[in-house]
Amino acid sequence: MNSNTKNEKGFTLLEILIAVVLLSVGMLAMGSFLGSFVNRNAANERMTTGTAMAEEKVEALRSQALSTDLTAADGSTETLTASGGNYTRTWVINDTNNPHTITVTVAWVDGETPRQVVLATLVNDNA
């Protein structure tokens with residue numbers, strides 16, 4: 001019986017262990033990246049929701065300015081629930097001159113970090 005081990009092809013146990021370690025490190029890095037990606041995506045969704053809420057209120061106040069005086073709509077606060085969170089929407093109308101300055105602020109808590117979106121615009125009213 002002739003046993004010639006020098007011509008046999010295949011992987012050694014050491015090569016397989018090194019490949020498994022490298023693959024494991026790569027998979028852990030990918031898992032960490034995907035976790036942060038999902039968290040960032042959720043935070044961006046809340047930011048988009050807050051911005052949409054602020055834009056909605058600005059447009060509603062602009063429409064109201066076409067038919068009535070805006071001084072009655074100044075300084076209110078609303079609590080809204082959307083996109084898995086609670087949002088607080090406040091607005092202030094500076095009515096010392098015409099055009100009026102409308103500032104809408106939408107605030108929420110993202111994890112433990114308070115966030116907010118502030119939109120401001122100028123509006124003429126009929127008064």
# chains A, B, ... in the order shown; residues from 1 in each chain; ligands from 1

call {"tool": "residues_around", "arguments": {"residues": "A:Ala43", "least_positions_apart": "6", "cutoff": "12 Å", "atoms": "only C-alpha atoms", "output": "ChimeraX atom specification"}}
result
/A:36-37,49-50,83-85,108-116

call {"tool": "write_last_selection", "arguments": {"atoms": "C-alpha atoms", "output": "mmCIF file, in the first residue's frame"}}
result
data_model
loop_
_atom_site.group_PDB
_atom_site.id
_atom_site.type_symbol
_atom_site.label_atom_id
_atom_site.label_comp_id
_atom_site.auth_asym_id
_atom_site.auth_seq_id
_atom_site.Cartn_x
_atom_site.Cartn_y
_atom_site.Cartn_z
ATOM 1 C CA SER A 36 -27.936 50.928 13.788
ATOM 2 C CA PHE A 37 -29.489 51.230 10.323
ATOM 3 C CA THR A 49 -43.831 62.649 10.749
ATOM 4 C CA GLY A 50 -43.018 65.691 12.888
ATOM 5 C CA SER A 83 -45.701 56.736 13.970
ATOM 6 C CA GLY A 84 -45.330 54.987 17.308
ATOM 7 C CA GLY A 85 -44.850 58.152 19.357
ATOM 8 C CA TRP A 108 -41.266 64.537 20.613
ATOM 9 C CA VAL A 109 -38.911 62.266 22.528
ATOM 10 C CA ASP A 110 -36.726 59.975 20.421
ATOM 11 C CA GLY A 111 -35.576 57.271 22.829
ATOM 12 C CA GLU A 112 -34.445 59.532 25.634
ATOM 13 C CA THR A 113 -33.447 62.477 23.445
ATOM 14 C CA PRO A 114 -35.920 65.340 22.989
ATOM 15 C CA ARG A 115 -36.308 66.377 19.350
ATOM 16 C CA GLN A 116 -38.232 69.125 17.619
#

call {"tool": "closest_residue", "arguments": {"among": "A:Asn124, A:Asn94, A:Thr81, A:Thr101", "to": "A:Ser63", "atoms": "only C-alpha atoms"}}
result
A:Asn124

call {"tool": "closest_residue", "arguments": {"among": "A:Glu45, A:Glu15, A:Glu56, A:Asp74", "to": "A:Ile102", "atoms": "only C-alpha atoms"}}
result
A:Asp74

call {"tool": "residues_around", "arguments": {"residues": "A:Val117", "least_positions_apart": "6", "cutoff": "7 Å", "atoms": "only C-alpha atoms", "output": "PDB file with N, CA and C atoms, in the first residue's frame"}}
result
ATOM      1  N   GLY A  50     -42.977  64.392  12.216  1.00  0.00           N
ATOM      2  CA  GLY A  50     -43.018  65.691  12.888  1.00  0.00           C
ATOM      3  C   GLY A  50     -43.043  66.848  11.898  1.00  0.00           C
ATOM      4  N   THR A  51     -42.265  66.748  10.845  1.00  0.00           N
ATOM      5  CA  THR A  51     -42.248  67.795   9.821  1.00  0.00           C
ATOM      6  C   THR A  51     -43.593  67.873   9.107  1.00  0.00           C
ATOM      7  N   THR A 105     -44.119  74.599  16.115  1.00  0.00           N
ATOM      8  CA  THR A 105     -43.107  73.716  16.683  1.00  0.00           C
ATOM      9  C   THR A 105     -43.745  72.364  16.990  1.00  0.00           C
ATOM     10  N   VAL A 106     -43.126  71.307  16.514  1.00  0.00           N
ATOM     11  CA  VAL A 106     -43.555  69.946  16.846  1.00  0.00           C
ATOM     12  C   VAL A 106     -42.404  69.293  17.611  1.00  0.00           C
ATOM     13  N   ALA A 107     -42.713  68.799  18.809  1.00  0.00           N
ATOM     14  CA  ALA A 107     -41.688  68.201  19.668  1.00  0.00           C
ATOM     15  C   ALA A 107     -42.079  66.768  20.017  1.00  0.00           C
TER      16      ALA A 107
END

call {"tool": "select_by_dssp", "arguments": {"residues": "stretch 39-125 of chain A", "states": "alpha helix (DSSP H)", "output": "PyMOL selection string"}}
result
chain A and resi 39-67

call {"tool": "atom_distance", "arguments": {"atom1": "atom CA of A:Thr121", "atom2": "atom CA of A:Val58"}}
result
7.7 Å

call {"tool": "residues_around", "arguments": {"residues": "A:Leu119", "least_positions_apart": "3", "cutoff": "7 Å", "atoms": "only C-alpha atoms", "output": "list in words"}}
result
Ala54, Thr103, Val104 and Thr105 of chain A

call {"tool": "write_last_selection", "arguments": {"atoms": "C-alpha atoms", "output": "PDB file, in the first residue's frame"}}
result
ATOM      1  CA  ALA A  54     -45.849  71.111  11.315  1.00  0.00           C
ATOM      2  CA  THR A 103     -44.125  79.665  14.012  1.00  0.00           C
ATOM      3  CA  VAL A 104     -45.142  76.025  14.443  1.00  0.00           C
ATOM      4  CA  THR A 105     -43.107  73.716  16.683  1.00  0.00           C
TER       5      THR A 105
END

call {"tool": "atom_distance", "arguments": {"atom1": "atom CA of A:Ala52", "atom2": "atom CA of A:Leu66"}}
result
21.6 Å

call {"tool": "select_by_dssp", "arguments": {"residues": "stretch 44-87 of chain A", "states": "strand (DSSP E or B)", "output": "list in words"}}
result
Ser76, Thr77, Glu78, Thr79, Leu80, Thr81, Ala82, Gly85, Asn86 and Tyr87 of chain A

call {"tool": "write_last_selection", "arguments": {"atoms": "C-alpha atoms", "output": "short mmCIF file (atom, residue, chain, number, x, y, z; two decimals), in the first residue's frame"}}
result
data_model
loop_
_atom_site.label_atom_id
_atom_site.label_comp_id
_atom_site.auth_asym_id
_atom_site.auth_seq_id
_atom_site.Cartn_x
_atom_site.Cartn_y
_atom_site.Cartn_z
CA SER A 76 -52.47 76.74 21.21
CA THR A 77 -51.05 73.30 21.96
CA GLU A 78 -52.12 69.89 20.67
CA THR A 79 -50.94 66.40 21.57
CA LEU A 80 -50.91 63.99 18.64
CA THR A 81 -50.06 60.29 18.39
CA ALA A 82 -48.57 58.90 15.20
CA GLY A 85 -44.85 58.15 19.36
CA ASN A 86 -46.48 61.14 21.00
CA TYR A 87 -45.97 64.55 19.45
#
